[in-house]
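J.: One structure, pasted below without further comment.
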Amino acid sequence: MEDRVVLTMRGITMTFPGVLALDGVDFTLRKGEIHALMGENGAGKSTLIKCLTGVYQCDSGEIHVDGMEEPVQNHSTLEAQRNGISTVYQEVNLCPNLSVMENLFVGREPVTKAGTIDRRVMLKRAQQLMEDLGLSIDVQQTLENYSLALQQMIAIARAVDMECKILILDEPTSSLDDSEVAKLFSLMRKLRDQGVGIVFVTHFLEQVYEVCDRITVLRNGLLVGEYPLSELPRVNLIAAMMGKDIDDLKEIKPESCQNNCAEPLISAEGLSHVNKIKPFDLQIRQGEVIGLTGLLGSGRSELARTIYGADKAQTGTLKVKDKKVHINHPIDAMRLGMGMLPDDRKAEGVIADLTVRENIVLGIQALRGIMNLLPMKEQCEIADRFIELLQIKTPSRETLVKQLSGGNQQKVIIARWLATNPDFLILDEPTRGIDIGTKTEIQKLIIRLADEGKGILFISSEIDEMLRTCNRLAVLRDGEKVGELQGDMTQERVMHAIAGGENV
Amino acid sequence: MKIKRAIKKITGMQMFLPIASMLLVMAVNIIYDVSNGNAVFNFFTISLRNGVLFGRIIDILNRGSEVAILAIGMTLVVSAAAGADISVGSVMSLAGGMCCMLLAGFGNANVSQYAVPLWVGLVAGLAIACLCGAFNGYLVSYLNIQPMVATLILFSAGRAIGLLLCNSTIVYVRVPSFQFLGGYFWMLPTPIIIAAACVLVMSLILKHTALGMYIQSVGINKNAARIAGFKSRRIIFTAFVISGLCAGIAGLVATSRIYSADTNNIGLNMELDAILAVALGGNSLGGGKFRLAGSIVGAYTIQAITTTLYALGISSAQAPVFKAVIVILIVTIQSPAVTAYFERRAVAKALRANKEAMRV
Amino acid sequence: MNRKAIVQRSRRGMNNSNILLMITIGLFIVMYTAGSIVYADKGFDHLQTFLNILINNAGLICVACGMTCVLLTGGIDISVGALIGMVCMFMAVGIEFWGLSSPVLMILILLIGITFGLVQGLCVGYLNIQPFIVTMAGMFFARGMTAVISTQQVTIKSDEFFVMLANLKFFIPFEIGAYVNSKGRLMVPFFRLPVIIALCVLVAVFLILRYTRFGRSLYAVGGNQQSAALMGLDVKKTRMKAYMLSSFLCAIGGICYVLNTMAGTASQAAGLEMDAISSAVIGGTLLTGGVGNVIGSFFGVLINGTISSLVKTHGKLISSWSNVVTAILLCVFIVLQAVFTKLKENRKR
Amino acid sequence: AEDLIKVGFAQVGHESDWRNANTENYKGVFTAENGYELSFVDCDNDNAVQLEAVRSFIEQDLDYIIIAPIETAGWNTVLAEAKDAGIPVIIADRNVDADPSEYTTRVGTDMVKEGETAGLWLAEYMAGAEANILVIEGTVGSSAALGRSEGFNNIAKDHPEWKIIDSQSGDFTQAGGQQVMESFLKSYPGQFNVVVCHNDNEAYGAMDAMDAAGVTYGVDGDVILISYDATKAGLTYTLEGKINCNVECNPIQAAFVKEVIEKLEAGEAVEAFTLVVDEAFVAPGITSQYATTMTAELLAARPY
Ligand SMILES: Nc1ncnc2c1ncn2[C@@H]1O[C@H](COP(=O)(O)OP(=O)(O)OP(=O)(O)O)[C@@H](O)[C@H]1O
Ligand SMILES: Nc1ncnc2c1ncn2[C@@H]1O[C@H](COP(=O)(O)OP(=O)(O)OP(=O)(O)O)[C@@H](O)[C@H]1O
Ligand SMILES: [Mg+2]
Ligand SMILES: [Mg+2]
């Protein structure tokens with residue numbers, strides 16, 4: 001087999017104020033391969049990609065693209081696209097105000113002879129594209145009406161549709177469910193067979209072993225090595241990424257149901273939210289981890305938000321420790337000892353222009369009220385403690401949170417909630433975009449918190465993660481709670497329940 | 001080497017650019033004075049005349065007071081709501097009109113005696129200003145109307161309401177005690193002291209309460225701040241009320257200066273100056289992080305430009321051309337593109353140094 | 001799957017900008033009809049009253065179109081009023097004092113517009129300075145320049161061609177809407193050249209926004225600047241072009257304006273920027289960018305014109321009341337819009 | 001109400017006390033009792049709005065249109081429209097830059113003459129002594145500022161011993177006058193002895209600034225202060241001897257207009273221009289052939 005190289009990057013170095021994000025990294029991509037780029041949060045994966053696509057200008061290093069004599073130095077995504085590099089970035093980067101169709105074609109619309117946009121052709125091609133991906137959506141609808149997952153699929157569709165030699169996917173699967181992932185993989189394989197070189201970033205090891213041909217591992221901005229898939233078994237990969245062996249995930253197992261008799265912490269009766277969540281009952285006891293599961297868009301997040309008061313419930317009652325409460329505003333919920341980590345990090349999680357310290361103490365400050373400023377010394381102590389505890393990779397506590405890598409931003413928000421020491425914590429996709437090592441830590445943390453007597457509501461798209469941590473699973477379908485699973489939970493049973501085959 | 005490090009330390013300071021811009025404006029005067037054969041620091045001389053301090057610097061501090069006070073409120077609004085409050089000029093005039101109307105009694109245009117005690121007039125002026133702020137705040141925070149659009153309403157109505165209160169005339173209150181706010185206190189013009197007091201109070205509030213953190217969080221990401229437990233709407237509302245209050249204070253100062261409610265002219269175009277002050281201070285008009293000190297320096301920079309143009313004898317109709325050029329110069333120096341350019345050069349230099357060190 | 005498809009079909013086409021536009025047009029019709037009924041005895045129902053709104057606001061329509069483009073990118077252009085003032089003065093002084101012919105001057109004015117926009121656009125797009133500040137400086141500059149050109153009031157009367165253009169009357173054919181007034185004159189409704197120019201501009205900008213890449217990239221940049229850049233759009237250039245377009249349309253608007261006033265004076269068109277912005281906003285354009293279109297802005301201008309026309313027809317308001325009434329109407333309008341949007345969002349929830 | 005004469009008045013705006021007095025005067029004269037129905041539009045100092053107002057009047061089918069022009073320039077088109085509709089137009093207050101045949105008649109004051117009056121008085125008062133003059137002008141480009149400057153300069157031309165050191169615009173406001181005077185005091189300390197302000201409000205501001213700097217003015221002071229408008233408040237200062245000379249600009253013009261309309265109704269011919277007479281007032285202790293010496297009785301009799 002002839003290994004024709006489509007892309008070589010040599011000695012890429014990139015500095016941000018106070019951070020050496022990439023230090024002489026080499027990367028080679030061959031024609032018709034799917035190449036996994038792996039590393040912990042903050043290892044420099046996204047930065048390497050952005051250097052390639054011209055979002056950042058690297059400080060030194062050379063980039064060669066197949067078919068070009070000179071080393072290329074892209075100055076903008078536009079240039080990169082002209083050079084045959086098409087990209088899906090880590091955070092969804094589409095325009096919420098445009099229609100799906102326009103998002104797919106913006107900047108490269110089909111034109112008529114007169115030079116104007118040919119909307120008919122555009123519509124047809126957009127519908128075709130969506131059909132190919134197996135998505136049944138109205139392409140003329142504005143993008144903001146669709147969920148994050150669908151937006152992710154649309155971003156992928158856009159990238160794929162471009163004539164490209166190199167396709168880069170930076171954590172495309174972090175908000176997709178299994179069926180979507182499957183669709184994506186078949187698409188990737190098809191492109192590979194057409195000779196496109198694909199760079200694939202993900203934190204899901206199974207996915208790497210499912211589709212990839214080759215792996216490059218980064219650690220702390222340094223290249224660890226490049227391996228063919230077959231030569232790097234799972235354990236070695238983890239070791240390469242983390243620089244040490246870790247205790248495997250399998251060990252974690254909740255002491256199931258030991259707290260079954262404990263006091264109910266939260267009980268919802270007939271709570272509902274117009275048009276989205278039909279009335280549901282739910283009880284959460286102290287020391288219990290309850291999972292919410294269901295298909296994409298089945299309303300898991302919405303249900304959690306209704307409890308927390310992020311979306312105000314229209315009917316029903318909510319009791320906290322057997323006392324009827326009214327929650328009009330998240331702060332009311334927080335005063336009752338709740339906390340919620342929202343699923344959309346960019347829109348509802350981080351406050352990008354504040355520092356890590358400020359982001360961490362935000363929750364405590366809200367509880368103390370505006371007149372009662374947390375003294376600077378305490379703020380620093382708290383921030384330092386959680387940076388240490390969650391191993392947040394940041395140059396200092398005064399770094400702006402937007403300068404952290406995606407996964408580390410997530411940790412900062414988790415820290416915010418842990419700092420408020422809630423009795424009841426809602427974690428909506430806390431492990432999205434988080435590396436394998438930290439994921440384990442977070443799962444352990446969840447169980448530890450439950451052991452301390454807190455109630456946890458946990459939402460995740462990964463079923464085994466849920467199985468590993470939850471005592472009980474509530475199943476949602478089309479905004480309705482259709483049942484609960486308890487006791488002997490297996491992947492099959494859960495899948496069955498979600499799909500609606502079994503009425504639980 | 002030591003000097004170099006010191007320079008770096010100074011240029012790296014947050015307030016460096018706004019202050020440097022200010023000094024730049026001042027430097028023009030030195031050049032003008034020197035080329036005209038005046039004493040080098042002619043512009044800067046401060047003397048004691050008629051028992052009060054006298055000089056252009058005092059003029060700048062004095063005349064800049066209103067904009068400085070407005071800039072306080074404007075900074076908070078811009079930060080929290082990611083949009084400007086363009087009604088402040090009108091609200092100033094309304095506050096002044098309200099105050100004078102009460103002090104003179106409705107329908108009287110020229111009095112030398114208070115109709116109601118002085119404090120009633122002042123409080124009423126501030127109260128109506130706060131009310132205006134609340135109105136703006138309500139529209140922006142609870143009805144989700146964009147700041148500039150919401151404040152457009154009072155921008156056009158505020159002045160007119162003030163005029164109606166004053167029965168469409170300029171109401172003169174010729175009582176010496178009313179002139180105090182715009183007059184002199186000991187050796188200094190009172191407006192300077194009022195502005196200083198406002199700045200002091202606001203910086204103490206920012207220092208000792210979490211207001212700053214609340215406002216910035218809300219301004220950067222309203223939804224995230226809400227989830228994290230801040231009442232985003234209430235914060236935005238508060239920012240507008242503070243802005244209204246500041247406009248009220250500024251309006252009373254401006255009114256007191258001329259001991260009359262010249263509703264047509266008080267605060268005319270001041271909203272532009274206030275917004276400009278915020279921007280010259282290095283703050284983003286897109287909301288989020290703010291530096292109060294920057295805005296204040298910005299406010300006095302604007303007045304320094306105006307006073308300088310007066311000193312150079314440039315016709316007031318043509319002065320805007322120069323003002324425009326200076327403003328563009330200053331914001332270009334502070335612009336992200338230029339700053340980024342210098343940063344990149346610094347990085348490149350450091351890298352080169354690194355490489356050389358490695359070779360050795 | 002089927003149910004979802006149905007739900008989606010019913011939602012189709014009713015996105016944010018559309019609903020705001022419908023509200024605007026609806027309110028305009030209601031307001032105008034009400035005015036015609038109440039003030040029928042004062043001639044508000046004459047066709048000419050409507051045409052007068054167009055004649056009086058032809059310049060504003062051009063400016064509002066340009067303003068809309070800038071607002072779509074999430075920017076703002078407050079230099080337009082001052083620029084129009086400068087253009088008028090340039091035209092007047094050019095004809096009366098410098099003895100230039102009007103076609104030459106018109107071309108010069110368009111060039112001035114483009115250059116002015118280019119400089120502002122460079123500052124906004126490439127230097128990344130905040131639009132409000134850049135255009136504020138532009139406003140100062142243009143106002144000052146007007147005074148530099150001349151501080152006098154100049155009437156345009158010596159260029160016959162230009163005077164002819166200004167006096168051109170286009171009568172409505174078949175005497176539709178004509179009536180005989182109390183002096184016994186037959187009043188045939190007419191409009192003037194600026195109206196034609198303005199409507200052409202309107203149509204052109206509408207087509208540009210809808211059917212060209214540039215137009216769509218304005219929306220994309222306004223929707224999310226960072227995303228637009230990552231999707232491979234040249235954000236800097238797009239933003240720059242938006243300001244160029246705005247100033248260019250403003251120059252055209254200036255010609256319309258001066259065809260109406262036939263004068264150059266120091267403070268002409270003061271505050272026009274606020275009229276343009278409020279028209280665009282009433283028409284459903286969001287200042288945050290990405291949402292809106294020029295048809296909305298056109299109706300915004302008509303609504304502002306109707307309000308102002310109503311106030312004038314009423315004829316009893318003492319000075320400041322007219323301002324207050326205008327502001328109250330504006331307020332009612334904005335609040336209604338907000339309430340409708342909220343209702344619609346709640347339904348979506 | 002059918003037999004009322006319908007009159008439209010496009011007023012400049014409400015920018016000053018003077019203007020308000022003018023408006024009130026019109027509203028007081030053109031009442032239903034006097035047989036008129038007045039349609040009043042405040043044009044807010046925007047000439048485009050004024051054009052709009054006149055067009056609205058034409059559509060309202062009024063009997064007469066009175067225009068107090070904001071700008072002198074640019075009237076030909078609408079005047080033609082009014083003419084086509086057969087509605088007589090009366091230009092009030094300021095002049096327009098249009099051929100007199102395009103409108104019916106004009107009633108107004110003469111700004112240039114006001115400036116000349118001030119100049120003549122100063123010449124008489126100085127009696128050949130040296131004068132170093134500072135001028136605080138009105139809004140740049142306004143016809144009042146242009147006219148007053150022109151008139152005053154007409155006289156200054158003939159006086160080589162006069163020197164106009166500097167002039168700056170104070171925008172017809174008290175705050176503006178104060179700020180300009182503050183700057184003058186620093187630029188020309190002790191170098192001037194005459195200050196001319198283009199209206200009373202600017203004069204108040206200038207007085208405040210001089211007070212603060214300890215400069216004396218008026219009859220007993222070092223600086224001669226000249227002002228225009230002669231509002232009641234301004235004349236109070238004239239009576240107190242603080243303003244040496246105050247040249248009137250008369251806002252009471254409606255009666256003149258009414259007279260013209262009555263003539264037109266009766267089918268009589270009217271003159272092309274009716275001048276509204278302006279006086280000048282000087283502080284007690286000064287006598288002048290160009291001006292009246294101020295007394296308390298005179299002040300009390302002033303309607304405005
Ligand atoms: N704009 C920026 N400014 C400053 N530092 C940055 C910036 N972007 C990234 N960094 C830093 O560069 C390092 C590498 O970040 P990068 O986003 O490439 O990580 P990553 O490997 O993609 O991680 P993740 O898996 O969490 O997405 C991090 O330490 C981060 O703090
Ligand atoms: N395939 C789809 N077609 C149309 N609308 C969808 C689709 N998927 C999701 N949505 C919309 O997006 C909303 C997402 O709901 P929600 O965020 O509660 O889902 P979730 O179960 O938390 O899924 P996620 O994994 O995306 O967080 C739904 O209310 C639905 O209206
Ligand atoms: Mg990343
Ligand atoms: Mg979710």
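All residue names refer to the structure tokens as shown: chains lettered A, B, ... in order, residues numbered from 1 in each chain, ligands numbered from 1 in order.
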Would you mind listing what lies within 9 Å of Ile198 (chain A) as a list in words, with only C-alpha atoms counted and same-chain residues fewer than 3 positions away left out?
T.: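 Close residues of Ile198 (chain A): Leu29, Arg30, Lys31, Gly32, Glu33, Ile34, His35, Ala36, Lys165, Ile166, Leu167, Ile168, Leu169, Met188, Leu191 and Arg192 of chain A.
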J.: Could you write those residues out with all heavy atoms, as a compact mmCIF listing (two decimals), in the first residue's frame?
T.:
# COMPACT_ATOMS: atom_id res chain seq x y z
N LEU A 29 -0.20 13.35 7.95
CA LEU A 29 -1.48 12.75 7.58
C LEU A 29 -1.36 12.16 6.19
O LEU A 29 -0.85 12.80 5.28
CB LEU A 29 -2.57 13.83 7.61
CG LEU A 29 -3.98 13.36 7.27
CD1 LEU A 29 -4.53 12.47 8.37
CD2 LEU A 29 -4.91 14.54 7.06
N ARG A 30 -1.82 10.92 6.06
CA ARG A 30 -1.72 10.26 4.77
C ARG A 30 -3.06 10.24 4.08
O ARG A 30 -4.09 10.42 4.71
CB ARG A 30 -1.20 8.83 4.95
CG ARG A 30 0.25 8.80 5.37
CD ARG A 30 0.62 7.52 6.08
NE ARG A 30 1.90 7.65 6.75
CZ ARG A 30 2.06 8.22 7.95
NH1 ARG A 30 1.01 8.68 8.61
NH2 ARG A 30 3.24 8.33 8.51
N LYS A 31 -2.97 9.99 2.77
CA LYS A 31 -4.18 9.94 1.97
C LYS A 31 -5.04 8.76 2.38
O LYS A 31 -4.52 7.67 2.60
CB LYS A 31 -3.77 9.79 0.50
CG LYS A 31 -4.80 10.29 -0.44
CD LYS A 31 -4.26 10.27 -1.85
CE LYS A 31 -5.47 10.30 -2.74
NZ LYS A 31 -5.29 10.58 -4.07
N GLY A 32 -6.31 8.97 2.50
CA GLY A 32 -7.22 7.87 2.79
C GLY A 32 -7.00 7.22 4.13
O GLY A 32 -7.05 6.00 4.25
N GLU A 33 -6.72 7.99 5.14
CA GLU A 33 -6.64 7.40 6.48
C GLU A 33 -7.45 8.25 7.44
O GLU A 33 -7.67 9.44 7.21
CB GLU A 33 -5.18 7.30 6.97
CG GLU A 33 -4.61 8.62 7.42
CD GLU A 33 -3.28 8.48 8.14
OE1 GLU A 33 -2.83 7.35 8.35
OE2 GLU A 33 -2.72 9.52 8.51
N ILE A 34 -7.89 7.59 8.50
CA ILE A 34 -8.51 8.35 9.58
C ILE A 34 -7.50 8.36 10.71
O ILE A 34 -7.10 7.31 11.22
CB ILE A 34 -9.83 7.71 10.02
CG1 ILE A 34 -10.80 7.67 8.83
CG2 ILE A 34 -10.43 8.50 11.17
CD1 ILE A 34 -12.12 7.03 9.16
N HIS A 35 -7.10 9.56 11.06
CA HIS A 35 -5.98 9.70 11.97
C HIS A 35 -6.49 10.32 13.26
O HIS A 35 -6.97 11.44 13.29
CB HIS A 35 -4.94 10.61 11.31
CG HIS A 35 -3.60 10.55 11.96
ND1 HIS A 35 -2.43 10.45 11.25
CD2 HIS A 35 -3.24 10.61 13.25
CE1 HIS A 35 -1.42 10.43 12.08
NE2 HIS A 35 -1.88 10.53 13.31
N ALA A 36 -6.39 9.58 14.35
CA ALA A 36 -6.86 10.12 15.63
C ALA A 36 -5.80 11.01 16.24
O ALA A 36 -4.62 10.66 16.25
CB ALA A 36 -7.20 8.98 16.59
N LYS A 165 -9.25 17.82 0.55
CA LYS A 165 -8.26 16.74 0.64
C LYS A 165 -8.12 16.31 2.08
O LYS A 165 -7.76 15.19 2.39
CB LYS A 165 -6.91 17.25 0.11
CG LYS A 165 -6.90 17.45 -1.38
CD LYS A 165 -5.55 17.93 -1.85
CE LYS A 165 -5.38 19.40 -1.52
NZ LYS A 165 -4.31 20.07 -2.24
N ILE A 166 -8.34 17.29 2.95
CA ILE A 166 -8.15 17.04 4.37
C ILE A 166 -9.39 17.46 5.12
O ILE A 166 -9.88 18.57 4.95
CB ILE A 166 -6.94 17.86 4.89
CG1 ILE A 166 -5.68 17.50 4.10
CG2 ILE A 166 -6.75 17.63 6.38
CD1 ILE A 166 -4.58 18.51 4.27
N LEU A 167 -9.91 16.54 5.92
CA LEU A 167 -11.08 16.88 6.72
C LEU A 167 -10.70 16.78 8.18
O LEU A 167 -10.13 15.79 8.63
CB LEU A 167 -12.22 15.90 6.41
CG LEU A 167 -13.48 16.06 7.26
CD1 LEU A 167 -14.14 17.39 7.04
CD2 LEU A 167 -14.45 14.92 6.98
N ILE A 168 -10.99 17.84 8.93
CA ILE A 168 -10.62 17.84 10.34
C ILE A 168 -11.87 17.86 11.19
O ILE A 168 -12.74 18.71 11.00
CB ILE A 168 -9.74 19.06 10.65
CG1 ILE A 168 -8.47 18.99 9.82
CG2 ILE A 168 -9.41 19.11 12.13
CD1 ILE A 168 -7.67 20.24 9.87
N LEU A 169 -11.97 16.93 12.11
CA LEU A 169 -13.13 16.86 12.99
C LEU A 169 -12.63 16.95 14.43
O LEU A 169 -12.04 16.01 14.95
CB LEU A 169 -13.88 15.54 12.76
CG LEU A 169 -14.35 15.27 11.33
CD1 LEU A 169 -14.83 13.84 11.18
CD2 LEU A 169 -15.44 16.25 10.94
N MET A 188 -17.59 8.90 7.37
CA MET A 188 -16.13 9.05 7.42
C MET A 188 -15.45 7.94 6.62
O MET A 188 -14.49 8.17 5.89
CB MET A 188 -15.65 9.01 8.87
CG MET A 188 -15.87 10.33 9.60
SD MET A 188 -15.70 10.20 11.39
CE MET A 188 -13.99 9.86 11.58
N LEU A 191 -15.69 8.67 2.94
CA LEU A 191 -14.74 9.69 2.51
C LEU A 191 -13.33 9.13 2.46
O LEU A 191 -12.53 9.43 1.58
CB LEU A 191 -14.79 10.88 3.46
CG LEU A 191 -16.06 11.73 3.36
CD1 LEU A 191 -16.11 12.75 4.47
CD2 LEU A 191 -16.14 12.41 2.01
N ARG A 192 -13.00 8.30 3.46
CA ARG A 192 -11.67 7.71 3.48
C ARG A 192 -11.43 6.90 2.23
O ARG A 192 -10.39 6.99 1.59
CB ARG A 192 -11.52 6.81 4.71
CG ARG A 192 -10.26 5.97 4.66
CD ARG A 192 -10.11 5.11 5.88
NE ARG A 192 -11.23 4.17 6.00
CZ ARG A 192 -11.42 3.40 7.06
NH1 ARG A 192 -10.61 3.48 8.10
NH2 ARG A 192 -12.43 2.56 7.11
J.: Skipping near chain neighbours, those fewer than 4 positions away, what residues fall within 8 Å of Phe162 (chain C) using only C-alpha atoms, listed as a ChimeraX atom specification?
T.: /C:102,166,259
J.: For the selection just defined, write its residues with all heavy atoms to a file, as a PDB file, in the first residue's frame.
T.:
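Listed below is the output, out20.pdb:
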ATOM      1  N   SER C 102     -23.464  70.285 -11.930  1.00  0.00           N
ATOM      2  CA  SER C 102     -24.041  69.348 -10.973  1.00  0.00           C
ATOM      3  C   SER C 102     -23.725  67.878 -11.258  1.00  0.00           C
ATOM      4  O   SER C 102     -23.488  67.129 -10.307  1.00  0.00           O
ATOM      5  CB  SER C 102     -25.539  69.577 -10.841  1.00  0.00           C
ATOM      6  OG  SER C 102     -26.131  69.542 -12.109  1.00  0.00           O
ATOM      7  N   ALA C 166     -34.762  69.138  -9.487  1.00  0.00           N
ATOM      8  CA  ALA C 166     -35.474  69.320  -8.227  1.00  0.00           C
ATOM      9  C   ALA C 166     -36.934  69.646  -8.466  1.00  0.00           C
ATOM     10  O   ALA C 166     -37.797  69.279  -7.679  1.00  0.00           O
ATOM     11  CB  ALA C 166     -34.810  70.421  -7.412  1.00  0.00           C
ATOM     12  N   LEU C 259     -31.874  67.541  -3.189  1.00  0.00           N
ATOM     13  CA  LEU C 259     -32.883  67.810  -4.222  1.00  0.00           C
ATOM     14  C   LEU C 259     -34.170  68.315  -3.577  1.00  0.00           C
ATOM     15  O   LEU C 259     -34.943  69.045  -4.189  1.00  0.00           O
ATOM     16  CB  LEU C 259     -33.174  66.542  -5.022  1.00  0.00           C
ATOM     17  CG  LEU C 259     -32.212  66.231  -6.162  1.00  0.00           C
ATOM     18  CD1 LEU C 259     -32.501  64.864  -6.737  1.00  0.00           C
ATOM     19  CD2 LEU C 259     -32.304  67.286  -7.246  1.00  0.00           C
TER      20      LEU C 259
END
J.: Please report as a JSON list (two decimals) with C-alpha atoms, in the first residue's frame which residues of chain B come no farther than 8 Å from chain D, using only C-alpha atoms.
T.:
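Contents of the output file selection.json:
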[["chain", "number", "residue", "atom", "x", "y", "z"],
["B", 49, "ARG", "CA", -7.37, 84.82, 41.41],
["B", 50, "ASN", "CA", -10.20, 86.45, 43.18],
["B", 52, "VAL", "CA", -10.20, 80.86, 43.75],
["B", 54, "PHE", "CA", -7.64, 79.85, 38.11],
["B", 55, "GLY", "CA", -6.15, 78.08, 35.14],
["B", 56, "ARG", "CA", -6.88, 75.82, 32.21],
["B", 59, "ASP", "CA", -11.16, 74.45, 33.68],
["B", 168, "SER", "CA", -41.55, 76.08, 27.76],
["B", 169, "THR", "CA", -39.30, 78.78, 29.13],
["B", 170, "ILE", "CA", -35.94, 79.01, 30.80],
["B", 257, "ARG", "CA", -23.86, 76.48, 36.98],
["B", 258, "ILE", "CA", -26.30, 78.67, 35.10],
["B", 264, "ASN", "CA", -33.12, 72.94, 25.42],
["B", 265, "ASN", "CA", -29.41, 72.97, 25.95],
["B", 307, "THR", "CA", -10.33, 73.07, 26.25],
["B", 310, "TYR", "CA", -10.52, 76.61, 22.73],
["B", 311, "ALA", "CA", -7.00, 77.53, 23.79],
["B", 313, "GLY", "CA", -8.53, 79.45, 19.14],
["B", 315, "SER", "CA", -13.55, 77.95, 15.62],
["B", 316, "SER", "CA", -16.06, 75.86, 17.49],
["B", 317, "ALA", "CA", -17.82, 74.86, 14.29]]
J.: Using DSSP secondary structure from the backbone, list all alpha helix (DSSP H) positions within region 56-299 of chain D, as a PyMOL selection string.
T.: chain D and resi 56-59+76-85+111-126+143-156+174-187+200-213+232-239+254-265+296-299
J.: Residues of chain A near chain B: apply a cut-off of 7 Å, count only C-alpha atoms, and supply the list as a ChimeraX atom specification.
T.: /A:310,330-331,334,347-351,353,362-363,366,370-373
J.: When the cut-off is 6 Å and we count only C-alpha atoms, which residues of chain C are near chain A, given as a VMD selection string?
T.: chain C and resid 211 to 212 220 223 to 224 227 230 232 to 233 349
J.: Next, dump the selected residues to file, keeping only N, CA and C atoms, as a short mmCIF file (atom, residue, chain, number, x, y, z; two decimals), in the first residue's frame.
T.:
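Final file, part.cif:
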data_model
loop_
_atom_site.label_atom_id
_atom_site.label_comp_id
_atom_site.auth_asym_id
_atom_site.auth_seq_id
_atom_site.Cartn_x
_atom_site.Cartn_y
_atom_site.Cartn_z
N TYR C 211 -29.95 38.04 -2.61
CA TYR C 211 -29.47 37.17 -3.69
C TYR C 211 -27.98 37.27 -3.99
N THR C 212 -27.21 37.90 -3.14
CA THR C 212 -25.77 37.87 -3.41
C THR C 212 -25.02 37.30 -2.22
N ALA C 220 -24.44 36.54 8.04
CA ALA C 220 -23.60 35.56 8.75
C ALA C 220 -22.70 36.27 9.75
N GLY C 223 -24.66 37.32 12.64
CA GLY C 223 -25.13 36.22 13.47
C GLY C 223 -24.08 35.80 14.46
N ASN C 224 -22.91 35.60 14.00
CA ASN C 224 -21.81 35.25 14.88
C ASN C 224 -20.50 35.46 14.13
N SER C 227 -17.92 32.63 14.27
CA SER C 227 -18.31 31.49 13.46
C SER C 227 -18.15 31.80 11.98
N LEU C 230 -14.72 31.34 11.03
CA LEU C 230 -14.33 29.94 10.99
C LEU C 230 -14.99 29.21 9.83
N GLY C 232 -15.09 30.39 7.04
CA GLY C 232 -14.33 30.75 5.86
C GLY C 232 -14.79 32.02 5.19
N LEU C 233 -15.52 32.87 5.92
CA LEU C 233 -15.88 34.16 5.33
C LEU C 233 -14.80 35.17 5.67
N ARG C 349 -41.75 27.71 23.24
CA ARG C 349 -41.30 26.94 24.39
C ARG C 349 -42.12 25.69 24.63
#
J.: Could the residues of chain C within 8 Å of chain D, counting only C-alpha atoms, be given as a ChimeraX atom specification, please?
T.: /C:41-44,46,48-49,52,56,151-156,166-167,181-183,185-187,260-266,268-270,309,312-320,322
J.: Quick one: residues within 10 Å of Asn250 (chain D), only C-alpha atoms counted, chain neighbours fewer than 4 positions away excluded, as a VMD selection string?
T.: chain D and resid 18 21 to 22 93 108 to 109 229 to 231 276 to 279 304
J.: Go ahead and save the picked residues with C-alpha atoms, as a CSV table (one decimal), in the first residue's frame.
T.:
chain,number,residue,atom,x,y,z
D,18,TRP,CA,-37.4,84.7,22.5
D,21,ALA,CA,-42.5,84.6,23.3
D,22,ASN,CA,-42.9,84.7,19.5
D,93,ASP,CA,-39.2,86.9,11.1
D,108,GLY,CA,-39.8,90.6,9.9
D,109,THR,CA,-36.9,92.1,11.7
D,229,ASP,CA,-32.4,90.4,22.2
D,230,ALA,CA,-33.4,92.7,25.1
D,231,THR,CA,-35.4,90.2,27.0
D,276,VAL,CA,-40.9,95.0,12.7
D,277,VAL,CA,-39.2,97.9,14.5
D,278,ASP,CA,-36.4,97.1,16.9
D,279,GLU,CA,-35.1,99.5,19.6
D,304,TYR,CA,-41.6,89.9,27.5
